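Student: Have a look at this one before I ask anything.
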Amino acid sequence: MGFEPRIVGFLCNWCSYTGADLAGTSRIKYQPNVSIIRVMCSARIDPTFVLKALSMGADGVVICGCHPVDCHYISGNYKAMRRFPLLKKLLKEFGVEDERVRLEWVSASEGQRFSEVINDMTDKIRALGPSKIRVQLDADKVER
Amino acid sequence: MDKKKLQIALYWGAACGGCDVSVLDTNEFILDIAAACDIHMWPIAHDGKYKDIEALEDGFLDLAMYNGAVRNSENEHIAHLLRKKSKVMVAYGSCAHIGGIPGLANTFTREEIFESAYLKNPSIQEGNKTVPQPQTEVDGGELTIPAFYKRVYKLDDVVDVDYYIPGCPPAPEQCKAVLSLIVSGQPLPPKGSVVGASERALCEDCQRKKDEKMIKQFFRPWQIIQDPEKCLLEQGIVCAGSATRSGCGVRCPDSNMPCRGCYGPMPNVVDQGAKIISSVSSIIDSQDPEEIDKILSGIHDITGYAYRFGMAGSLLQRSVR
Amino acid sequence: MAVRANPNLLKQLKRYGADDVTKCFHCGTCSATCPLSQEPFLFPRKSMRYLQMGLGDRLKGNLEPWLCYYCGDCSDQCPREAQPGETMMSMRRWLTAKYDFTGLSMLFYESRTAEVAAIIVVGILSGIGFYLLGALSGGDFGSYPGFIPGHNAEYLTELGWDVKSVVLVMAVFVLGLLGINVLRMWWFTTGSRKDLNVPFDIYMKHILLCPWHFFTQKRYSECDKKKPWVVHIILMLGFVALFAVFLAHMIWQDDTHAHTYLGPLAGVMLVGASSFALSGRLNKTEAHYKYSHHSDMNFLYMCLFVGLTGLAQHIAGRIGCGAFANFMYILHMMGAVPMLLIQLPFTKWAHLVYRPHAMYFAAIQADVIAGREGAKGASAVPHKQSA
Amino acid sequence: MTTECKIGVYVCSCGTNIGKMVDCDAVTGYTKNLPGVAVCKSYKYMCSNPGQEMIVKDIQRYGLDRVVVAACSPRMHEPTFRAAISHGGLNPYYLEMANIREQCSWVHDDHQQATDKAKALTCAAVKRVPFHEPFDMQSVPMNSASLVIGGGVAGLTAALELADANQPVYLVEKDGKLGGNLARIDLTSPYLDSAKDLLAERICRVTKNPKITVMLNSEVESISGYVGNFKAQIKSNGEAVTDIEIGSIIVCTGFREFDASKVGEYGYGRFPNVVTSFDLEKMLKEGRVVMKDGKTPKYVTIINCVGSRSGKYNRYCSRVCCMTALKYANGIKSAAPDAFITNLYTDMNAFGKGCEDFYRRSAERDTIFMMFDKHAPPTVSAAGKGEHFNMLVKVNEILSGEEVEIPADMVVLMVGMEAREDSMNVARLVNISRDKDGWFIESHPKLDPVATSTDGVFIAGACASPKDIPDTVAQARATTARILAKICQGEIWVEPVYAEINEDLCSGCRVCNELCPYSAIDYDPVKKRSAIISVMCKSCGGCVAGCPSGAIKARHFTDKQIFEQIEGVLEWASSRA
């Protein structure tokens, strides 16, 4: 078997997690590489979570929230929207490829879109190859 | 040698030397130290040799204070040596604590650093481009210098550390307080504690007036005339104070410079830089992606803001390039 | 090309029986239910649409009403009770009126009085005519079949008349009318359509469909319900038998075989089928009997009348009641002639001409359309491969 | 928070829903050996009574203190299993679910990979659950007065319903009179009752009822507080400000009509006889349907879905226009019996009681219905010279496939409903969310259609989405039922899942203050600390992630719990690598 990416998905409870559930109830098939962690709102997603996942060996991280304006918490997704570009800027300086970390808006009715996001993400990361972060951190302990 | 006296050693690893100086900055308290302690090594003040330390029994030293990061094999060698010879090992200063300024080198590879320092540096004379090697054959034998590691480590990456005293450098009064405590023989805090710093953020001690924060534009300190009474972050100056332990005495904000985070992350925080990013971007006053990008373009060198001191101690620790 | 909606078409069609078409909301259940509805003629929905929107020109060129035999399944299934079957029926009436260039058809369809009056007038005239013909030729009203013109051919010849030529004139008149109307039908539905451009050989290829459908009503038998077809074919064969008796009488002067056996048989078939249909319509027993236009009722009454009088004439002749037989004969002709002169060219009975032609034209159109789509498919194949 | 946790793990095969794709025995076999797992079982239907009883019994038999259920989505059965473990004597928050159905077995088609993923998700739950903390519900007192914003049919109904139950109501109306949009309407569909009759009785009762304080020409200035304990400032006639205290708020601010002049091809504003439904409504109220020149129209074309169900304007259906169009067809038929009426529609929505029948009756009255594709709407142009009508409507009729020209003397545009221009302000005022079209969002579209994400704030009528009168009235009454139930209880129980600030770690930097969409964070200038008013907190966690000092904890979604989950999903993955 070739390289199978390990991706962590952080999904807001009201839109994206429900959208992912809808993909399930609609039996829309997508690739099994993303493991989903539920949070109440995309605003809860601390950049630390993304860094933590990458440092633990995730090949990619996808954050999904409600579409702008549609947030269950009125403006939570805007917080994600503001934090994300700064995090990406930082990751770029760390040499983390652009495709590895993504922010996507998926509503509760967009089961189809959710599956498309996951498939696209998985395909892109598969093409990109495994993340070196965890490998390097492990190697650093052995070889200075 | 009076065995009743405290046996101590200070070492200066990959660091600027400020930490070594900071102990001197305790002024006359240094005399109390001298009275209470036998100092076996202190590069800035006392001429201790490695072989003297090597000659000591294991665990002979009561206290070893290591400042500086671990950049090369010599740093690591001494770290191991001091660990072996001392009962209590303290990471002294930001570099030993979380990597410090040297840690910023982790955004570059060893090869890039060598190229910039030894090959592309304009001050290097043509035809004299030499990259240092750990071993060099010369007439009459082999010369060795410490091996330059591919990245910077914080102290506890290479040895077991008992306590951390943060700061770049630690404030003399904090240094004094910690040393007094040790000399007094009172019970020590649990292993792994950060000592000589507050459990709260710098804002606790910062006297500037704080209000609700909504930012439309970021500035570098020289770009605006500051309101000395008002929170720097509210004025658009990226200040790490709210994400950094207090204990320094609010020196930077009091001098109209934003906090850069040398006292390290708060007790519950795993990654100081991530918290700085998260909080600073959270308070941007816009809901439009383009405007947000525009506002964020006012932040130059995000790595420098987020990990000025904490790179080696962060989650990612180094660049993956 | 844009077509103009005619708000009055609906009102007009109401006079032809399309009362419920506005209820239709185009679910298509009718077209799905109908076993006869097949590409490229999917009906009745689309025809209903043309009618609702008042697209008279589209409707005039539409063959679909003729492809329906009105089994009534669509009306039974319709969730809105829009009576698609009856709507198709009324469109057939309307089309008959449109095909007819004289305008009489429209008059008879739109006015019950006009049709009834025309039938009565023609009936009385032909009664007088046949009485005079019998009397003038010296026929004895008490003896049968002596009063019947064919039996006194010599006398007529003396008068300079020829019964055959009288019949011929009438036949030419009726067939001429129908011929012109069929040509109009062809022009409206097929000839004027530039998009079809039917080659001559296709016309020839399907020409036998006309008599085939005329005699077998094969398509009717494809409806899910078989009974209406049986009734209809009995009625139709009754007329065919009657026509054979008539021909035998006129041409070969053969009155024994045809008259003795075929005639009564035809009479029984006519009376049986028409009385079944009539009682069905009066009692509204089945979907296709529920709604009756005056043209339907008049036609059936006439059929029954002609059948009954014919039978009575025959029986009376056989038992020797000559005067009664002759009286019945006059009555019989008073029914038959209006049927031939009014109902055959202008109203209900005209369908015997239009329907087989509609099958014929439909087959031609389907052939052309299939050929064109086949050609399209062929050109698409290499295109697909290159893509 | 111990490693000595005794975790019970229950893997559900959900009949074959999970079992067909995921090897549940393999998941059980793997999970059994994870640290802290005391018992691990697989069962056909965990949510069934025997399944739940198995958990309850195991809690006692094995002394479990944490439970993980790997089954369907927690959005489906979390309440079920929380109740079950609570029945077994555990705090309900000691439960964690792994979603191995909706997000695993149903969406993957490789047995091995699906099983692997189920293991990863279960592992994450097992790693997370030791860090769960127990919580109890919290209660606050309930003020029995209510504020109703908007004096349309919804507001009037809600006010009456509450006042009839002897509870005080403040009815605030922006306009100078009560009645709202309904007051602009002549007859109602499908029974053609007079709107005036419906309203007059209600307005009369509202103005006479001593329990109802009607405030006309008034707007809500500000609202503070939380469920059961709101404070509002009402500004009347632009100046006078009244302070009121209420326990609940009902928002029924209604809708505004779509601006028909946005649709150029219909010529609204260009042709004098192209009118909107509300223009026609005015004519019908005056009892005369006439053209601008005073003549009675002979050809009337009604165009539906103006601004609705369109990719260009609003995508949604405005729900009432179809039946209103039929009402007009009937009304015009009555006023001008010879008129030829065409109704151009995209899709006839006759969903309500009596509506289908109304559609049928209208069709029988010779209204011609033509269907058009929403991507190719009809166009209105001036009629050619010498025509006996003044406009020509062209439409691609899709049921016949014909391009049809329809003569028209008058064109009626059925303008859709839009969220009011001030809905953003209202949403901010009462702290509720709006969808992309500006409609207020309900707590649950099916099961909780009148509550909102802010406790104590309810929505009724067309401010939440286009609605007809019966639905609006039903919603208004539903809100009052919810409110009266809470008043009866006298106190309110609030979910214990919220964010809390650790005072020992807070430095009073105030970064979080502006982050709370519910203004639940209070800053104490004396103590120099921020604190969260727990009943107002909705636990979105925005402040938790934003707090630079790590001083805020999101109950049930702590950093530690999420870190464990991250490690869990990746730990299993790394062991594979």
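Quick note on naming: the chains in the structure tokens go A, B, ... in the order shown, residues restart at 1 in each chain, and ligands are numbered from 1 in order of appearance.
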Contacts from chain C to chain D, 12 Å maximum, only C-alpha atoms: show me the residue list as a ChimeraX atom specification.
Tutor: /C:1-11,14,18-28,42-59,79-82
Student: Should the cut-off be 8 Å, what would the residue list for chain D against chain A look like, counting only C-alpha atoms, as a short mmCIF file (atom, residue, chain, number, x, y, z; two decimals) with N, CA, C and O atoms, in the first residue's frame?
Tutor:
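New file selection-v2.cif:
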data_model
loop_
_atom_site.label_atom_id
_atom_site.label_comp_id
_atom_site.auth_asym_id
_atom_site.auth_seq_id
_atom_site.Cartn_x
_atom_site.Cartn_y
_atom_site.Cartn_z
N SER D 73 -23.45 9.16 15.54
CA SER D 73 -23.02 10.51 15.85
C SER D 73 -23.51 10.92 17.24
O SER D 73 -24.63 10.61 17.62
N ARG D 75 -24.51 13.61 17.97
CA ARG D 75 -25.69 14.46 17.74
C ARG D 75 -26.95 13.61 17.75
O ARG D 75 -28.05 14.13 17.85
N ARG D 101 -20.21 5.62 12.80
CA ARG D 101 -21.24 5.30 11.80
C ARG D 101 -21.29 6.42 10.74
O ARG D 101 -20.79 6.24 9.64
N GLU D 102 -21.85 7.58 11.09
CA GLU D 102 -21.97 8.66 10.12
C GLU D 102 -20.62 9.08 9.53
O GLU D 102 -20.54 9.47 8.38
N GLN D 103 -19.58 9.01 10.36
CA GLN D 103 -18.30 9.50 9.87
C GLN D 103 -17.31 8.36 9.63
O GLN D 103 -16.12 8.58 9.53
N CYS D 104 -17.83 7.15 9.55
CA CYS D 104 -16.93 6.04 9.25
C CYS D 104 -17.62 4.99 8.39
O CYS D 104 -17.46 4.97 7.18
N TRP D 106 -20.53 4.51 7.20
CA TRP D 106 -21.43 4.92 6.12
C TRP D 106 -20.72 5.64 4.99
O TRP D 106 -21.29 5.84 3.93
N VAL D 107 -19.51 6.08 5.23
CA VAL D 107 -18.88 6.91 4.21
C VAL D 107 -17.64 6.29 3.58
O VAL D 107 -17.02 6.88 2.71
N HIS D 108 -17.31 5.08 4.04
CA HIS D 108 -16.13 4.44 3.45
C HIS D 108 -16.52 3.10 2.84
O HIS D 108 -17.52 2.50 3.23
N ASP D 109 -15.72 2.64 1.91
CA ASP D 109 -16.08 1.39 1.28
C ASP D 109 -14.95 0.36 1.31
O ASP D 109 -14.99 -0.64 0.62
N GLN D 113 -9.69 -0.18 5.91
CA GLN D 113 -9.47 1.22 6.24
C GLN D 113 -10.56 1.74 7.18
O GLN D 113 -10.27 2.52 8.09
N ALA D 114 -11.79 1.29 6.96
CA ALA D 114 -12.87 1.74 7.83
C ALA D 114 -12.65 1.21 9.26
O ALA D 114 -12.85 1.93 10.23
N LYS D 117 -9.94 3.20 10.88
CA LYS D 117 -10.39 4.53 11.30
C LYS D 117 -11.26 4.42 12.56
O LYS D 117 -11.15 5.25 13.47
N ALA D 120 -9.04 4.25 15.41
CA ALA D 120 -8.43 5.55 15.74
C ALA D 120 -9.43 6.42 16.50
O ALA D 120 -9.07 7.04 17.51
N LEU D 121 -10.67 6.45 16.03
CA LEU D 121 -11.67 7.31 16.68
C LEU D 121 -11.98 6.80 18.09
O LEU D 121 -12.14 7.58 19.03
N ASN D 431 -28.84 39.34 20.28
CA ASN D 431 -27.81 38.30 20.23
C ASN D 431 -28.29 36.99 19.62
O ASN D 431 -28.21 35.93 20.23
N ILE D 432 -28.84 37.09 18.43
CA ILE D 432 -29.17 35.85 17.73
C ILE D 432 -28.50 35.87 16.36
O ILE D 432 -28.00 36.91 15.92
N SER D 433 -28.45 34.73 15.72
CA SER D 433 -27.74 34.66 14.45
C SER D 433 -28.70 34.82 13.28
O SER D 433 -29.89 34.58 13.40
N ARG D 434 -28.12 35.20 12.16
CA ARG D 434 -28.90 35.30 10.92
C ARG D 434 -28.28 34.36 9.90
O ARG D 434 -27.07 34.13 9.93
N ASP D 435 -29.07 33.86 8.99
CA ASP D 435 -28.48 33.05 7.93
C ASP D 435 -28.02 33.99 6.82
O ASP D 435 -28.11 35.21 6.94
N LYS D 436 -27.54 33.40 5.72
CA LYS D 436 -26.93 34.24 4.69
C LYS D 436 -27.94 35.18 4.04
O LYS D 436 -27.57 36.18 3.46
N ILE D 441 -31.94 32.70 12.75
CA ILE D 441 -31.77 31.25 12.77
C ILE D 441 -32.38 30.66 14.03
O ILE D 441 -32.15 31.15 15.14
N SER D 453 -30.43 30.58 19.47
CA SER D 453 -29.22 30.17 20.17
C SER D 453 -29.04 30.94 21.47
O SER D 453 -28.21 30.59 22.29
N PRO D 517 -19.65 36.80 21.69
CA PRO D 517 -20.80 37.30 20.93
C PRO D 517 -22.02 37.51 21.82
O PRO D 517 -23.00 38.11 21.40
N LYS D 538 -22.57 30.49 25.90
CA LYS D 538 -23.10 29.45 25.03
C LYS D 538 -22.04 28.40 24.71
O LYS D 538 -22.25 27.56 23.86
N SER D 539 -20.89 28.54 25.34
CA SER D 539 -19.79 27.58 25.20
C SER D 539 -19.26 27.42 23.77
O SER D 539 -18.94 26.32 23.36
N CYS D 540 -19.17 28.52 23.03
CA CYS D 540 -18.58 28.41 21.70
C CYS D 540 -17.08 28.19 21.81
O CYS D 540 -16.47 27.55 20.96
N GLY D 541 -16.47 28.75 22.85
CA GLY D 541 -15.04 28.54 23.06
C GLY D 541 -14.16 29.55 22.36
O GLY D 541 -12.94 29.40 22.35
N GLY D 542 -14.77 30.58 21.80
CA GLY D 542 -13.97 31.60 21.10
C GLY D 542 -13.01 32.30 22.04
O GLY D 542 -11.86 32.59 21.67
N CYS D 543 -13.45 32.55 23.27
CA CYS D 543 -12.58 33.24 24.22
C CYS D 543 -11.49 32.31 24.71
O CYS D 543 -10.38 32.74 25.03
N VAL D 544 -11.81 31.01 24.75
CA VAL D 544 -10.84 30.04 25.26
C VAL D 544 -9.62 30.01 24.34
O VAL D 544 -8.48 30.07 24.78
N ALA D 545 -9.92 29.92 23.05
CA ALA D 545 -8.81 29.90 22.09
C ALA D 545 -8.13 31.26 22.04
O ALA D 545 -6.94 31.35 21.75
N GLY D 546 -8.89 32.31 22.32
CA GLY D 546 -8.32 33.65 22.20
C GLY D 546 -7.53 34.08 23.43
O GLY D 546 -6.72 35.00 23.36
N PHE D 557 -14.73 20.80 26.79
CA PHE D 557 -13.90 20.90 25.59
C PHE D 557 -12.57 21.54 25.97
O PHE D 557 -12.16 22.53 25.38
N ILE D 562 -8.84 17.89 24.17
CA ILE D 562 -8.66 17.90 22.71
C ILE D 562 -7.27 17.41 22.33
O ILE D 562 -7.10 16.67 21.37
N PHE D 563 -6.26 17.78 23.14
CA PHE D 563 -4.91 17.25 22.88
C PHE D 563 -4.91 15.73 22.92
O PHE D 563 -4.31 15.07 22.08
N GLN D 565 -7.37 13.81 22.31
CA GLN D 565 -8.04 13.31 21.12
C GLN D 565 -7.09 13.34 19.92
O GLN D 565 -7.06 12.40 19.13
N ILE D 566 -6.35 14.44 19.80
CA ILE D 566 -5.40 14.54 18.68
C ILE D 566 -4.40 13.40 18.77
O ILE D 566 -4.14 12.69 17.80
N GLU D 567 -3.86 13.22 19.98
CA GLU D 567 -2.89 12.14 20.15
C GLU D 567 -3.55 10.80 19.86
O GLU D 567 -2.95 9.92 19.24
N VAL D 569 -6.15 9.99 17.83
CA VAL D 569 -6.34 9.66 16.42
C VAL D 569 -5.01 9.44 15.72
O VAL D 569 -4.94 8.68 14.77
N LEU D 570 -3.97 10.11 16.21
CA LEU D 570 -2.68 9.96 15.54
C LEU D 570 -1.85 8.83 16.13
O LEU D 570 -1.03 8.24 15.44
N ALA D 573 -2.58 5.86 14.36
CA ALA D 573 -2.04 5.96 13.01
C ALA D 573 -0.53 5.76 13.01
O ALA D 573 0.02 5.11 12.13
N SER D 574 0.15 6.30 14.04
CA SER D 574 1.61 6.16 14.03
C SER D 574 2.01 4.72 14.32
O SER D 574 3.01 4.23 13.79
#
Student: I need the residues of segment 41-184 of chain B that end up classed as strand (DSSP E or B) by DSSP on the backbone, written out as a PyMOL selection string.
Tutor: chain B and resi 41-42+46+61-67+69-72+86-92+135-138+141-144+148-153+163-165
Student: Write the residues of the selection above to a file with N, CA and C atoms, as a compact mmCIF listing (two decimals), in the first residue's frame.
Tutor:
# COMPACT_ATOMS: atom_id res chain seq x y z
N MET B 41 32.46 27.13 39.14
CA MET B 41 32.58 27.60 37.75
C MET B 41 31.59 28.73 37.56
N TRP B 42 32.06 29.78 36.89
CA TRP B 42 31.18 30.92 36.56
C TRP B 42 31.92 31.71 35.52
N HIS B 46 34.57 33.70 37.41
CA HIS B 46 35.40 32.74 38.12
C HIS B 46 36.02 31.78 37.13
N LEU B 61 28.06 18.82 43.56
CA LEU B 61 27.54 20.18 43.54
C LEU B 61 26.11 20.20 44.07
N ASP B 62 25.80 21.25 44.84
CA ASP B 62 24.42 21.38 45.30
C ASP B 62 23.55 21.98 44.20
N LEU B 63 24.17 22.83 43.39
CA LEU B 63 23.36 23.56 42.42
C LEU B 63 24.19 23.87 41.19
N ALA B 64 23.62 23.57 40.02
CA ALA B 64 24.26 24.01 38.78
C ALA B 64 23.26 24.88 38.03
N MET B 65 23.71 26.07 37.67
CA MET B 65 22.83 26.97 36.92
C MET B 65 23.39 27.10 35.52
N TYR B 66 22.64 26.54 34.57
CA TYR B 66 23.09 26.51 33.20
C TYR B 66 22.33 27.57 32.44
N ASN B 67 23.03 28.53 31.89
CA ASN B 67 22.34 29.48 31.01
C ASN B 67 22.77 29.25 29.58
N ALA B 69 21.41 28.14 25.39
CA ALA B 69 20.83 26.99 24.72
C ALA B 69 21.92 25.98 24.41
N VAL B 70 21.51 24.86 23.82
CA VAL B 70 22.49 23.84 23.43
C VAL B 70 22.63 23.91 21.92
N ARG B 71 23.74 24.43 21.48
CA ARG B 71 23.94 24.64 20.05
C ARG B 71 24.99 23.68 19.49
N ASN B 72 25.93 23.31 20.36
CA ASN B 72 26.99 22.44 19.84
C ASN B 72 27.33 21.35 20.86
N SER B 86 25.82 17.48 39.83
CA SER B 86 25.04 18.34 40.74
C SER B 86 23.74 17.69 41.17
N LYS B 87 23.31 18.13 42.37
CA LYS B 87 22.05 17.61 42.89
C LYS B 87 20.87 18.32 42.22
N VAL B 88 21.01 19.63 42.05
CA VAL B 88 19.92 20.40 41.45
C VAL B 88 20.43 21.09 40.19
N MET B 89 19.68 20.85 39.11
CA MET B 89 20.07 21.46 37.84
C MET B 89 19.04 22.51 37.47
N VAL B 90 19.48 23.72 37.26
CA VAL B 90 18.56 24.81 36.93
C VAL B 90 18.85 25.32 35.53
N ALA B 91 17.76 25.42 34.74
CA ALA B 91 17.89 26.08 33.43
C ALA B 91 17.71 27.56 33.71
N TYR B 92 18.75 28.31 33.50
CA TYR B 92 18.75 29.71 33.90
C TYR B 92 18.64 30.59 32.66
N GLN B 135 36.65 18.03 12.96
CA GLN B 135 38.03 17.53 12.99
C GLN B 135 38.78 18.09 11.79
N THR B 136 39.99 18.53 12.04
CA THR B 136 40.84 19.00 10.94
C THR B 136 42.22 18.39 11.08
N GLU B 137 42.68 17.83 9.95
CA GLU B 137 44.05 17.28 9.95
C GLU B 137 45.02 18.42 9.72
N VAL B 138 45.95 18.58 10.62
CA VAL B 138 47.02 19.57 10.41
C VAL B 138 48.34 18.86 10.60
N GLY B 141 49.04 16.38 13.62
CA GLY B 141 47.91 15.75 14.29
C GLY B 141 46.55 16.29 13.86
N GLU B 142 45.59 16.01 14.72
CA GLU B 142 44.22 16.37 14.40
C GLU B 142 43.74 17.43 15.37
N LEU B 143 43.11 18.49 14.79
CA LEU B 143 42.53 19.51 15.65
C LEU B 143 41.03 19.26 15.73
N THR B 144 40.46 19.44 16.93
CA THR B 144 39.00 19.28 17.02
C THR B 144 38.40 20.55 17.62
N PHE B 148 29.04 21.62 15.48
CA PHE B 148 27.89 22.53 15.41
C PHE B 148 26.65 21.70 15.10
N TYR B 149 25.69 21.69 16.02
CA TYR B 149 24.50 20.84 15.82
C TYR B 149 23.62 21.39 14.70
N LYS B 150 22.78 20.51 14.17
CA LYS B 150 21.94 20.97 13.05
C LYS B 150 20.81 21.88 13.51
N ARG B 151 20.57 21.92 14.81
CA ARG B 151 19.55 22.83 15.32
C ARG B 151 19.89 23.17 16.77
N VAL B 152 19.10 24.11 17.31
CA VAL B 152 19.31 24.53 18.70
C VAL B 152 18.33 23.76 19.60
N TYR B 153 18.82 23.30 20.75
CA TYR B 153 17.97 22.62 21.72
C TYR B 153 17.88 23.47 22.96
N TYR B 163 14.68 22.82 37.75
CA TYR B 163 13.93 24.08 37.82
C TYR B 163 14.30 24.98 36.66
N TYR B 164 13.36 25.88 36.41
CA TYR B 164 13.60 26.84 35.35
C TYR B 164 13.50 28.24 35.92
N ILE B 165 14.45 29.06 35.59
CA ILE B 165 14.34 30.47 35.93
C ILE B 165 14.31 31.22 34.61
Student: Within 12 Å of segment 177-185 of chain C, counting only C-alpha atoms, which residues qualify if same-chain residues fewer than 2 places away don't, as a PyMOL selection string?
Tutor: chain C and resi 59-63+66+92+95-105+170-175+187-192+340-347+349-358+360-362
Student: State, in Å with one decimal place, the distance from atom CA of His80 of chain B to atom CA of Leu155 of chain B.
Tutor: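 So the answer is 9.9 Å.
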Student: Write out as JSON, numbers by chain the residues lying within 9 Å of Asp175 of chain D, counting only C-alpha atoms and excluding same-chain residues fewer than 4 positions away.
Tutor: {"D": [150, 151, 180, 216, 217, 218]}
Student: Include C-alpha atoms and write out the residues we just selected as a PDB file, in the first residue's frame.
Tutor:
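As written to disk, selection.pdb reads:
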ATOM      1  CA  GLY D 150     -43.009  43.873  16.413  1.00  0.00           C
ATOM      2  CA  GLY D 151     -46.761  44.534  16.309  1.00  0.00           C
ATOM      3  CA  GLY D 180     -47.670  45.060  10.372  1.00  0.00           C
ATOM      4  CA  LEU D 216     -45.934  52.632  19.355  1.00  0.00           C
ATOM      5  CA  ASN D 217     -43.306  54.576  17.420  1.00  0.00           C
ATOM      6  CA  SER D 218     -40.812  52.828  19.637  1.00  0.00           C
TER       7      SER D 218
END
Student: Tell me which protein, DNA and RNA residues are within 8 Å of Ser16 of chain A, counting only C-alpha atoms, leaving out same-chain ones fewer than 3 positions away, and put them as a ChimeraX atom specification.
Tutor: /A:11-13,19-20,64-66,105-108,114
Student: Pull out every residue of chain B that has at least one atom within 8 Å of chain A, counting only C-alpha atoms, and report them as a list in words.
Tutor: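 That gives Thr107, Tyr149, Lys150, Arg151, Asp157, Val270, Asp271, Ala274, Lys275, Ile277, Ser278, Ser281, Ser282, Ile284, Gln287, Pro289, Ile292, Asp293, Leu296, Ile302, Thr303, Leu315, Leu316, Gln317, Arg318, Ser319, Val320 and Arg321 of chain B for chain B.
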Student: Residues of chain B near chain D: apply a cut-off of 10 Å, count only C-alpha atoms, and supply the list as an MDAnalysis selection string.
Tutor: chainID B and resid 198:206 209:214 231 233:234 240:246 265:270 272:283 285
Student: Give me, please, the distance in Å between atom CA of Arg82 of chain D and atom CA of Cys15 of chain A, quoted to one decimal.
Tutor: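 The value is 22.7 Å.
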Student: Enter the distance from atom CA of Glu571 of chain D to atom CA of Asp138 of chain A, in Å, rounded to one decimal.
Tutor: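 Separation of atom CA of Glu571 of chain D and atom CA of Asp138 of chain A: 14.2 Å.
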Student: As number ranges by chain, please: the residues near Val117 of chain A (cut-off 9 Å, only C-alpha atoms, same-chain neighbours under 5 positions excluded).
Tutor: A: 104, 106, 112, 122
Student: From chain A, collect each residue whose DSSP state is helix (DSSP H, G or I) and return the set as an MDAnalysis selection string.
Tutor: chainID A and resid 16:25 42:44 47:55 76:93 98:100 111:128 133:142
Student: Please identify all polymer residues within 12 Å of Leu198 of chain D, counting only C-alpha atoms, omitting same-chain residues fewer than 6 positions from it, and present them as a list in words.
Tutor: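 Contacts, with the query itself left out: Gly152, Val153, Leu156, Thr157, Gly179, Leu182, Ala183, Ile185, Asp186, Leu187, Thr188, Leu192, Cys204, Arg205, Ile469, Pro470 and Val473 of chain D.
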